[in-house]
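Below is the file final.cif, which contains mmCIF, C-alpha atoms and all ligand atoms.
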data_final
loop_
_atom_site.label_atom_id
_atom_site.label_comp_id
_atom_site.auth_asym_id
_atom_site.auth_seq_id
_atom_site.Cartn_x
_atom_site.Cartn_y
_atom_site.Cartn_z
CA MET A 16 -10.04 11.34 -2.45
CA ALA A 17 -12.98 12.63 -0.44
CA THR A 18 -14.11 10.74 2.65
CA LEU A 19 -16.81 8.25 1.83
CA GLY A 20 -18.96 8.10 4.94
CA ASN A 21 -21.94 9.91 3.43
CA PRO A 22 -24.51 9.04 0.74
CA GLN A 23 -23.29 11.54 -1.93
CA ASN A 24 -19.66 10.44 -2.00
CA THR A 25 -20.58 6.77 -1.76
CA ILE A 26 -22.97 7.08 -4.71
CA ALA A 27 -20.30 8.98 -6.69
CA VAL A 28 -17.79 6.12 -6.23
CA LEU A 29 -20.38 3.44 -7.03
CA GLN A 30 -21.36 5.26 -10.22
CA LYS A 31 -17.78 5.98 -11.30
CA TYR A 32 -17.06 2.23 -11.24
CA ASN A 33 -20.52 1.10 -12.28
CA PHE A 34 -20.51 -1.14 -9.20
CA ASN A 35 -23.21 -3.76 -8.72
CA PHE A 36 -23.94 -4.88 -5.17
CA GLN A 37 -23.47 -8.60 -4.66
CA LYS A 38 -26.09 -10.03 -2.38
CA LYS A 39 -24.11 -13.22 -1.78
CA PHE A 40 -21.33 -11.16 -0.15
CA GLY A 41 -23.74 -9.30 2.17
CA GLN A 42 -22.77 -5.88 0.84
CA ASN A 43 -24.30 -3.03 2.82
CA PHE A 44 -21.97 -0.06 2.96
CA LEU A 45 -21.91 2.40 5.84
CA ILE A 46 -22.94 5.94 4.96
CA ASP A 47 -22.97 7.60 8.39
CA THR A 48 -19.88 9.35 9.77
CA ARG A 49 -21.17 9.26 13.37
CA VAL A 50 -21.33 5.47 13.28
CA LEU A 51 -17.84 5.26 11.76
CA GLU A 52 -16.44 7.53 14.47
CA ARG A 53 -18.16 5.42 17.14
CA ILE A 54 -16.59 2.24 15.79
CA ILE A 55 -13.09 3.73 15.68
CA ALA A 56 -13.47 5.13 19.21
CA ALA A 57 -14.84 1.84 20.57
CA ALA A 58 -11.98 -0.10 18.98
CA GLY A 59 -9.55 2.29 20.70
CA VAL A 60 -7.31 2.35 17.62
CA THR A 61 -4.04 4.25 18.09
CA LYS A 62 -0.87 4.88 16.05
CA GLU A 63 0.70 1.88 17.81
CA ASP A 64 -1.82 -0.54 16.38
CA PHE A 65 -1.86 -3.01 13.55
CA VAL A 66 -5.51 -3.43 12.56
CA LEU A 67 -7.07 -6.20 10.52
CA GLU A 68 -10.20 -5.06 8.74
CA ILE A 69 -12.49 -7.75 7.39
CA GLY A 70 -14.62 -6.74 4.38
CA PRO A 71 -13.58 -3.14 3.63
CA GLY A 72 -16.19 -2.71 0.85
CA ILE A 73 -15.32 0.54 -0.93
CA GLY A 74 -12.97 1.52 1.90
CA THR A 75 -15.23 3.74 3.99
CA MET A 76 -14.04 2.54 7.40
CA THR A 77 -10.60 1.71 6.02
CA GLN A 78 -9.94 5.43 5.49
CA TYR A 79 -10.68 6.09 9.17
CA LEU A 80 -8.50 3.17 10.21
CA CYS A 81 -5.59 4.41 8.07
CA GLU A 82 -5.86 7.82 9.72
CA ASN A 83 -5.80 6.33 13.22
CA ALA A 84 -3.70 3.15 13.10
CA ARG A 85 -0.03 2.44 12.42
CA GLU A 86 -0.83 -0.16 9.80
CA VAL A 87 -3.93 -1.71 8.31
CA ALA A 88 -4.54 -4.96 6.42
CA ALA A 89 -7.94 -5.12 4.74
CA VAL A 90 -9.20 -8.47 3.47
CA GLU A 91 -11.90 -8.22 0.80
CA ILE A 92 -13.38 -11.20 -1.06
CA ASP A 93 -14.99 -9.32 -3.99
CA LYS A 94 -12.45 -8.76 -6.77
CA ASN A 95 -14.64 -6.01 -8.27
CA LEU A 96 -13.90 -3.88 -5.20
CA ILE A 97 -10.11 -4.10 -5.53
CA PRO A 98 -9.68 -1.33 -8.17
CA ILE A 99 -12.12 0.84 -6.20
CA LEU A 100 -10.10 0.37 -3.01
CA ALA A 101 -6.88 1.24 -4.88
CA ASP A 102 -8.54 4.54 -5.74
CA THR A 103 -10.28 5.37 -2.43
CA LEU A 104 -7.17 4.47 -0.39
CA SER A 105 -4.62 6.07 -2.74
CA ASP A 106 -3.77 8.76 -0.15
CA TYR A 107 -2.52 6.17 2.35
CA ASP A 108 0.73 4.23 2.44
CA ASN A 109 -0.03 2.27 5.61
CA VAL A 110 -2.61 -0.11 4.15
CA GLU A 111 -2.46 -3.39 2.29
CA VAL A 112 -5.57 -4.74 0.59
CA ILE A 113 -5.70 -8.53 0.38
CA ASN A 114 -8.14 -9.99 -2.14
CA ASN A 115 -9.21 -13.21 -0.42
CA ASP A 116 -11.88 -14.94 1.61
CA ILE A 117 -11.09 -14.16 5.27
CA LEU A 118 -11.79 -17.79 6.17
CA LYS A 119 -8.83 -18.77 3.98
CA VAL A 120 -6.34 -16.22 5.33
CA ASP A 121 -3.65 -17.35 7.77
CA ILE A 122 -4.24 -14.62 10.35
CA ASN A 123 -1.65 -16.04 12.75
CA LYS A 124 0.98 -15.55 10.06
CA LEU A 125 -0.28 -12.04 9.31
CA ALA A 126 -0.08 -11.09 13.00
CA GLU A 127 3.40 -12.59 13.22
CA GLU A 128 4.71 -10.78 10.14
CA ARG A 129 3.07 -7.42 10.69
CA ASN A 130 2.86 -7.13 14.44
CA GLY A 131 5.68 -9.31 15.72
CA GLY A 132 3.10 -11.78 17.08
CA LYS A 133 1.69 -9.13 19.47
CA PRO A 134 -2.10 -8.91 19.91
CA ILE A 135 -3.87 -7.28 16.97
CA LYS A 136 -7.14 -5.36 16.77
CA VAL A 137 -9.82 -6.60 14.43
CA VAL A 138 -12.48 -4.26 13.08
CA ALA A 139 -15.23 -5.45 10.79
CA ASN A 140 -18.63 -4.77 9.36
CA LEU A 141 -19.38 -8.31 8.34
CA PRO A 142 -21.96 -10.03 6.25
CA TYR A 143 -24.17 -11.58 8.87
CA TYR A 144 -24.02 -15.16 7.63
CA ILE A 145 -20.29 -15.45 8.38
CA THR A 146 -20.23 -13.62 11.72
CA THR A 147 -20.13 -16.72 13.90
CA PRO A 148 -17.54 -18.75 11.93
CA ILE A 149 -15.25 -15.73 11.75
CA ILE A 150 -15.44 -14.84 15.43
CA MET A 151 -15.11 -18.43 16.59
CA GLY A 152 -12.32 -19.07 14.10
CA LEU A 153 -10.37 -16.07 15.44
CA PHE A 154 -10.75 -17.18 19.05
CA GLU A 155 -10.30 -20.92 18.60
CA SER A 156 -7.23 -20.68 16.40
CA HIS A 157 -5.57 -18.71 19.20
CA VAL A 158 -4.65 -15.78 16.97
CA PRO A 159 -3.15 -13.08 19.24
CA ILE A 160 -6.16 -10.76 19.57
CA ASP A 161 -6.57 -7.66 21.69
CA SER A 162 -10.15 -6.94 20.67
CA ILE A 163 -12.68 -7.51 17.92
CA THR A 164 -14.98 -4.56 17.24
CA ILE A 165 -17.64 -5.71 14.91
CA MET A 166 -20.97 -4.73 13.38
CA VAL A 167 -23.45 -7.56 13.63
CA GLN A 168 -27.17 -8.13 13.42
CA LYS A 169 -28.72 -6.63 16.58
CA GLU A 170 -30.14 -9.98 17.60
CA VAL A 171 -26.72 -11.66 17.35
CA ALA A 172 -25.11 -8.91 19.46
CA ASP A 173 -27.76 -9.54 22.12
CA ARG A 174 -27.07 -13.28 22.03
CA MET A 175 -23.37 -12.68 22.61
CA GLN A 176 -23.98 -10.51 25.65
CA VAL A 177 -26.70 -12.26 27.66
CA GLY A 178 -26.48 -14.73 30.54
CA PRO A 179 -28.64 -17.66 31.73
CA GLY A 180 -32.37 -17.16 32.10
CA THR A 181 -32.94 -15.24 28.87
CA LYS A 182 -34.26 -16.71 25.65
CA GLU A 183 -31.30 -15.41 23.62
CA TYR A 184 -28.81 -17.30 25.84
CA GLY A 185 -27.08 -20.14 24.02
CA ALA A 186 -23.90 -21.73 22.75
CA LEU A 187 -22.76 -18.46 21.11
CA SER A 188 -23.13 -16.50 24.38
CA LEU A 189 -21.01 -19.05 26.23
CA ALA A 190 -18.35 -19.36 23.54
CA VAL A 191 -17.94 -15.59 23.24
CA GLN A 192 -17.91 -15.03 27.01
CA TYR A 193 -15.37 -17.79 27.56
CA TYR A 194 -12.89 -15.96 25.35
CA ALA A 195 -13.86 -12.31 25.73
CA LYS A 196 -15.83 -9.58 27.46
CA PRO A 197 -18.67 -8.47 25.14
CA GLU A 198 -20.03 -4.90 25.22
CA ILE A 199 -22.58 -3.46 22.83
CA VAL A 200 -21.31 0.02 22.01
CA ALA A 201 -23.88 1.28 19.48
CA ASN A 202 -27.18 0.37 17.92
CA VAL A 203 -27.25 1.12 14.22
CA PRO A 204 -30.54 1.46 12.28
CA PRO A 205 -30.92 0.29 8.64
CA ASN A 206 -30.80 3.85 7.24
CA CYS A 207 -27.09 4.10 8.07
CA PHE A 208 -26.34 1.67 5.22
CA MET A 209 -26.58 1.56 1.46
CA PRO A 210 -28.50 -0.50 0.46
CA ARG A 211 -30.58 -0.69 3.64
CA PRO A 212 -30.55 -4.11 5.33
CA LYS A 213 -33.85 -5.60 6.52
CA VAL A 214 -32.72 -5.87 10.14
CA GLY A 215 -31.25 -3.57 12.78
CA SER A 216 -27.53 -3.81 13.55
CA ALA A 217 -25.31 -3.23 16.55
CA VAL A 218 -21.61 -2.65 17.09
CA ILE A 219 -20.18 -4.98 19.71
CA ARG A 220 -16.68 -4.95 21.15
CA LEU A 221 -15.21 -8.25 22.29
CA THR A 222 -12.20 -7.63 24.50
CA ARG A 223 -10.17 -10.79 24.82
CA HIS A 224 -9.70 -11.98 28.42
CA LYS A 225 -6.10 -11.77 29.58
CA GLU A 226 -6.77 -14.83 31.71
CA VAL A 227 -9.51 -17.36 31.09
CA PRO A 228 -12.46 -16.68 33.43
CA VAL A 229 -12.99 -20.36 34.33
CA GLN A 230 -10.67 -23.33 34.76
CA VAL A 231 -11.42 -26.00 32.17
CA GLU A 232 -9.42 -29.20 31.81
CA ASP A 233 -10.59 -29.88 28.27
CA GLU A 234 -12.05 -26.98 26.25
CA LYS A 235 -13.29 -29.27 23.48
CA MET A 236 -15.22 -31.37 26.00
CA MET A 237 -16.82 -28.26 27.52
CA PHE A 238 -18.00 -27.06 24.10
CA ARG A 239 -19.31 -30.54 23.27
CA ILE A 240 -21.37 -30.42 26.45
CA ILE A 241 -22.58 -26.89 25.71
CA ARG A 242 -23.64 -27.85 22.18
CA ALA A 243 -25.42 -30.97 23.41
CA SER A 244 -27.27 -28.92 26.05
CA PHE A 245 -28.58 -26.38 23.58
CA ASN A 246 -29.26 -28.78 20.71
CA GLN A 247 -32.58 -29.61 22.26
CA ARG A 248 -33.54 -26.52 24.18
CA ARG A 249 -36.82 -27.85 25.52
CA LYS A 250 -35.25 -30.97 26.96
CA THR A 251 -33.47 -31.40 30.24
CA LEU A 252 -29.71 -31.21 30.52
CA ALA A 253 -29.64 -34.96 31.26
CA ASN A 254 -31.57 -35.77 28.07
CA GLY A 255 -29.39 -33.50 25.96
CA LEU A 256 -26.23 -35.19 27.25
CA ASN A 257 -27.71 -38.69 26.89
CA ASN A 258 -28.52 -38.00 23.24
CA ALA A 259 -25.05 -36.69 22.40
CA SER A 260 -23.05 -39.35 20.56
CA ASP A 261 -19.76 -37.56 21.31
CA ILE A 262 -20.23 -37.78 25.10
CA PRO A 263 -19.68 -41.48 25.83
CA LEU A 264 -21.27 -41.84 29.27
CA SER A 265 -24.12 -44.04 30.53
CA LYS A 266 -27.41 -42.56 31.72
CA GLU A 267 -26.44 -43.35 35.29
CA LYS A 268 -23.06 -41.62 35.02
CA ILE A 269 -24.67 -38.52 33.51
CA ALA A 270 -27.20 -38.40 36.38
CA GLN A 271 -24.32 -38.76 38.82
CA ALA A 272 -22.35 -35.92 37.14
CA ILE A 273 -25.36 -33.61 37.33
CA GLN A 274 -25.83 -34.49 40.99
CA GLU A 275 -22.16 -33.78 41.67
CA LEU A 276 -22.61 -30.37 40.06
CA GLY A 277 -25.19 -29.70 42.79
CA VAL A 278 -28.18 -28.86 40.59
CA SER A 279 -31.62 -30.43 40.14
CA ALA A 280 -31.81 -33.61 38.01
CA SER A 281 -34.48 -31.93 35.86
CA ILE A 282 -32.51 -28.73 35.16
CA ARG A 283 -32.31 -27.48 31.58
CA GLY A 284 -28.97 -26.59 30.02
CA GLU A 285 -30.11 -23.02 29.41
CA ALA A 286 -30.13 -22.43 33.20
CA LEU A 287 -26.41 -23.15 33.64
CA SER A 288 -23.76 -20.43 33.82
CA LEU A 289 -20.33 -20.62 32.18
CA GLU A 290 -18.83 -21.55 35.58
CA GLN A 291 -21.29 -24.44 35.90
CA PHE A 292 -20.55 -25.71 32.38
CA ALA A 293 -16.84 -25.57 33.18
CA LYS A 294 -17.37 -27.49 36.42
CA LEU A 295 -19.60 -30.07 34.73
CA SER A 296 -17.06 -30.63 31.97
CA ASN A 297 -14.32 -31.19 34.57
CA ILE A 298 -16.54 -33.72 36.39
CA ILE A 299 -17.29 -35.57 33.14
CA LYS A 300 -13.66 -35.44 32.04
CA ASN A 301 -12.67 -37.12 35.32
CA MET A 302 -15.31 -39.82 34.90
CA LEU A 303 -13.88 -40.65 31.48
CA LYS A 304 -10.33 -41.06 32.78
N1 LIG A 401 -16.77 -2.23 5.66
C1 LIG A 401 -17.62 -1.75 4.59
C2 LIG A 401 -18.55 -0.71 5.14
O1 LIG A 401 -18.71 -0.68 6.36
O2 LIG A 401 -19.13 0.06 4.37
C3 LIG A 401 -18.39 -2.89 3.91
C4 LIG A 401 -19.27 -3.75 4.78
S1 LIG A 401 -20.24 -4.96 3.96
C5 LIG A 401 -21.50 -5.29 5.18
C6 LIG A 401 -19.32 -6.47 4.06
C7 LIG A 401 -18.09 -6.56 3.18
O3 LIG A 401 -17.45 -7.84 3.40
C8 LIG A 401 -18.36 -6.52 1.68
O4 LIG A 401 -17.46 -5.64 1.07
C9 LIG A 401 -18.14 -7.96 1.21
O5 LIG A 401 -17.75 -8.06 -0.15
C10 LIG A 401 -17.07 -8.43 2.17
N2 LIG A 401 -17.01 -9.89 2.40
C11 LIG A 401 -18.05 -10.76 2.37
N3 LIG A 401 -17.64 -12.01 2.66
C12 LIG A 401 -16.30 -11.94 2.86
C13 LIG A 401 -15.29 -12.90 3.18
N4 LIG A 401 -15.60 -14.19 3.36
N5 LIG A 401 -14.01 -12.48 3.30
C14 LIG A 401 -13.69 -11.16 3.13
N6 LIG A 401 -14.60 -10.21 2.82
C15 LIG A 401 -15.88 -10.59 2.69
#
So that I can check it, write out the structure of this file as structure tokens.
Ligand code: SAM
Amino acid sequence: MATLGNPQNTIAVLQKYNFNFQKKFGQNFLIDTRVLERIIAAAGVTKEDFVLEIGPGIGTMTQYLCENAREVAAVEIDKNLIPILADTLSDYDNVEVINNDILKVDINKLAEERNGGKPIKVVANLPYYITTPIIMGLFESHVPIDSITIMVQKEVADRMQVGPGTKEYGALSLAVQYYAKPEIVANVPPNCFMPRPKVGSAVIRLTRHKEVPVQVEDEKMMFRIIRASFNQRRKTLANGLNNASDIPLSKEKIAQAIQELGVSASIRGEALSLEQFAKLSNIIKNMLK
């Protein structure tokens, strides 16, 4: 089977199987070999690695992964793509295609069975609407992860990478940076896909921290505080926390916690760094004891 990363071969496969793109699954297939090579290089895939690919499509990136990794598991939700993948991946014996919704797959079990519980690499060109639940699900469920190299909407990649003081900074930036080091490795214009998406994309690598960057007594509490702070962006941190039903503290106690943090009473949540959120959550946790 010829490699797929160009328009001619992709069209040939789509025509052979009379494939209809499904909008609801966010199907935009890569047709640019340079982008594919960039992704594989950024993911640092070697013959030692077990790689989980999410959403293989017709198998364009999967072919590259099979060439470079020890073993690949590719999870694809669209059953119409399964016979196509059997064909485009027929040259490889180190790949298993799993026809399922990634949000329903027990990835911990997969990592245990296929990689002896050692950290796995995740590579994905995802539909944009499930980017956040997938990334957060992977981190929060404590799946052993080495890195996630992922194509996302350019704007989302920016949000993951920025710090306080920028308008893109928010709960996603903090959640990603708590678990991993984000690096944008390529910007990818719409003409690298078939069909062309309306927005620009970027490849971002999230390398999981070996040790957490901040000391947090209660992760759930910190994320509750972060969510409450960004729920009402225009309001002060104090107002955001006062309005949060899952942070059971009086107005006075919240003012005291903010004072203890050593910042102005009128500060907005968007001005706080990850370290400051961690410190604030430890202060609040202690008040609730
Ligand atoms: N990796 C291919 C490529 O780069 O050409 C396809 C990328 S396309 C943007 C996203 C793929 O994810 C599609 O094949 C789609 O059917 C699949 N997909 C969408 N939602 C999914 C889910 N919840 N679980 C697994 N696969 C999903």
Considering only C-alpha atoms, state which residue in the set A:Asn140, A:Asn95, A:Thr61, A:Ser296 is at the smallest distance from A:Leu29. A:Asn95
For ligand LIG 401 (chain A), list the contacting residues at 9 Å or closer, counting all atoms listed in the file, as a PyMOL selection string. chain A and resi 19-20+36-46+51+68-77+89-96+113-120+138-145+149+166-167+208-209
Proximity to A:Leu287 - best of A:Lys213, A:Phe154, A:Ala172, A:Tyr184, all atoms listed in the file: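 Answer, going by the shortest atom-to-atom distance: A:Tyr184.
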Quick one: everything within 12 Å of A:Lys304, counting only C-alpha atoms, minus sequence neighbours fewer than 4 positions away in the same chain. Send it as a PyMOL selection string. chain A and resi 232+263-264+297-300
Return the single residue from A:Arg223, A:Arg283, A:Lys196, A:Lys268 that is closest to A:Ile135, with distances computed using all atoms listed in the file.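 Using all atoms listed in the file, the shortest distance to A:Ile135 belongs to A:Arg223.
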What gap, in Å, lies between atom CA of A:Ile55 and atom CA of A:Tyr79? 7.3 Å
So how many Å separate atom CA of A:Lys62 and atom CA of A:Ile160, to one decimal? 16.9 Å
Given the point (-14.1, -19.8, 23.6) in the file's coordinates, find the residues that have an atom at most 9 Å from it, counting only C-alpha atoms, and give them as a list in words.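 Within 9 Å of (-14.1, -19.8, 23.6), the protein and nucleic acid residues are Met151, Phe154, Glu155, Leu189, Ala190, Val191, Gln192, Tyr193, Tyr194, Ala195, Glu234 and Phe238 of chain A.
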Could you tell me, as a VMD selection string, which residues have any atom at most 10 Å from (-0.3, 3.4, 18.7), counting all atoms listed in the file? chain A and resid 59 to 65 83 to 86
A:Arg129 surroundings by all atoms listed in the file, 10 Å radius, close-in-sequence under 3 positions cut, as a compact mmCIF listing (two decimals) with C-alpha atoms, keeping the file's coordinate frame:
# COMPACT_ATOMS: atom_id res chain seq x y z
CA PHE A 65 -1.86 -3.01 13.55
CA VAL A 66 -5.51 -3.43 12.56
CA GLU A 86 -0.83 -0.16 9.80
CA VAL A 87 -3.93 -1.71 8.31
CA ALA A 88 -4.54 -4.96 6.42
CA LYS A 124 0.98 -15.55 10.06
CA LEU A 125 -0.28 -12.04 9.31
CA ALA A 126 -0.08 -11.09 13.00
CA GLY A 132 3.10 -11.78 17.08
CA LYS A 133 1.69 -9.13 19.47
CA ILE A 135 -3.87 -7.28 16.97
For a test of reading the model, state the distance in Å between atom CA of A:Pro204 and atom CA of A:Lys169, rounded to one decimal.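 Spanning atom CA of A:Pro204 to atom CA of A:Lys169 is a straight-line distance of 9.3 Å.
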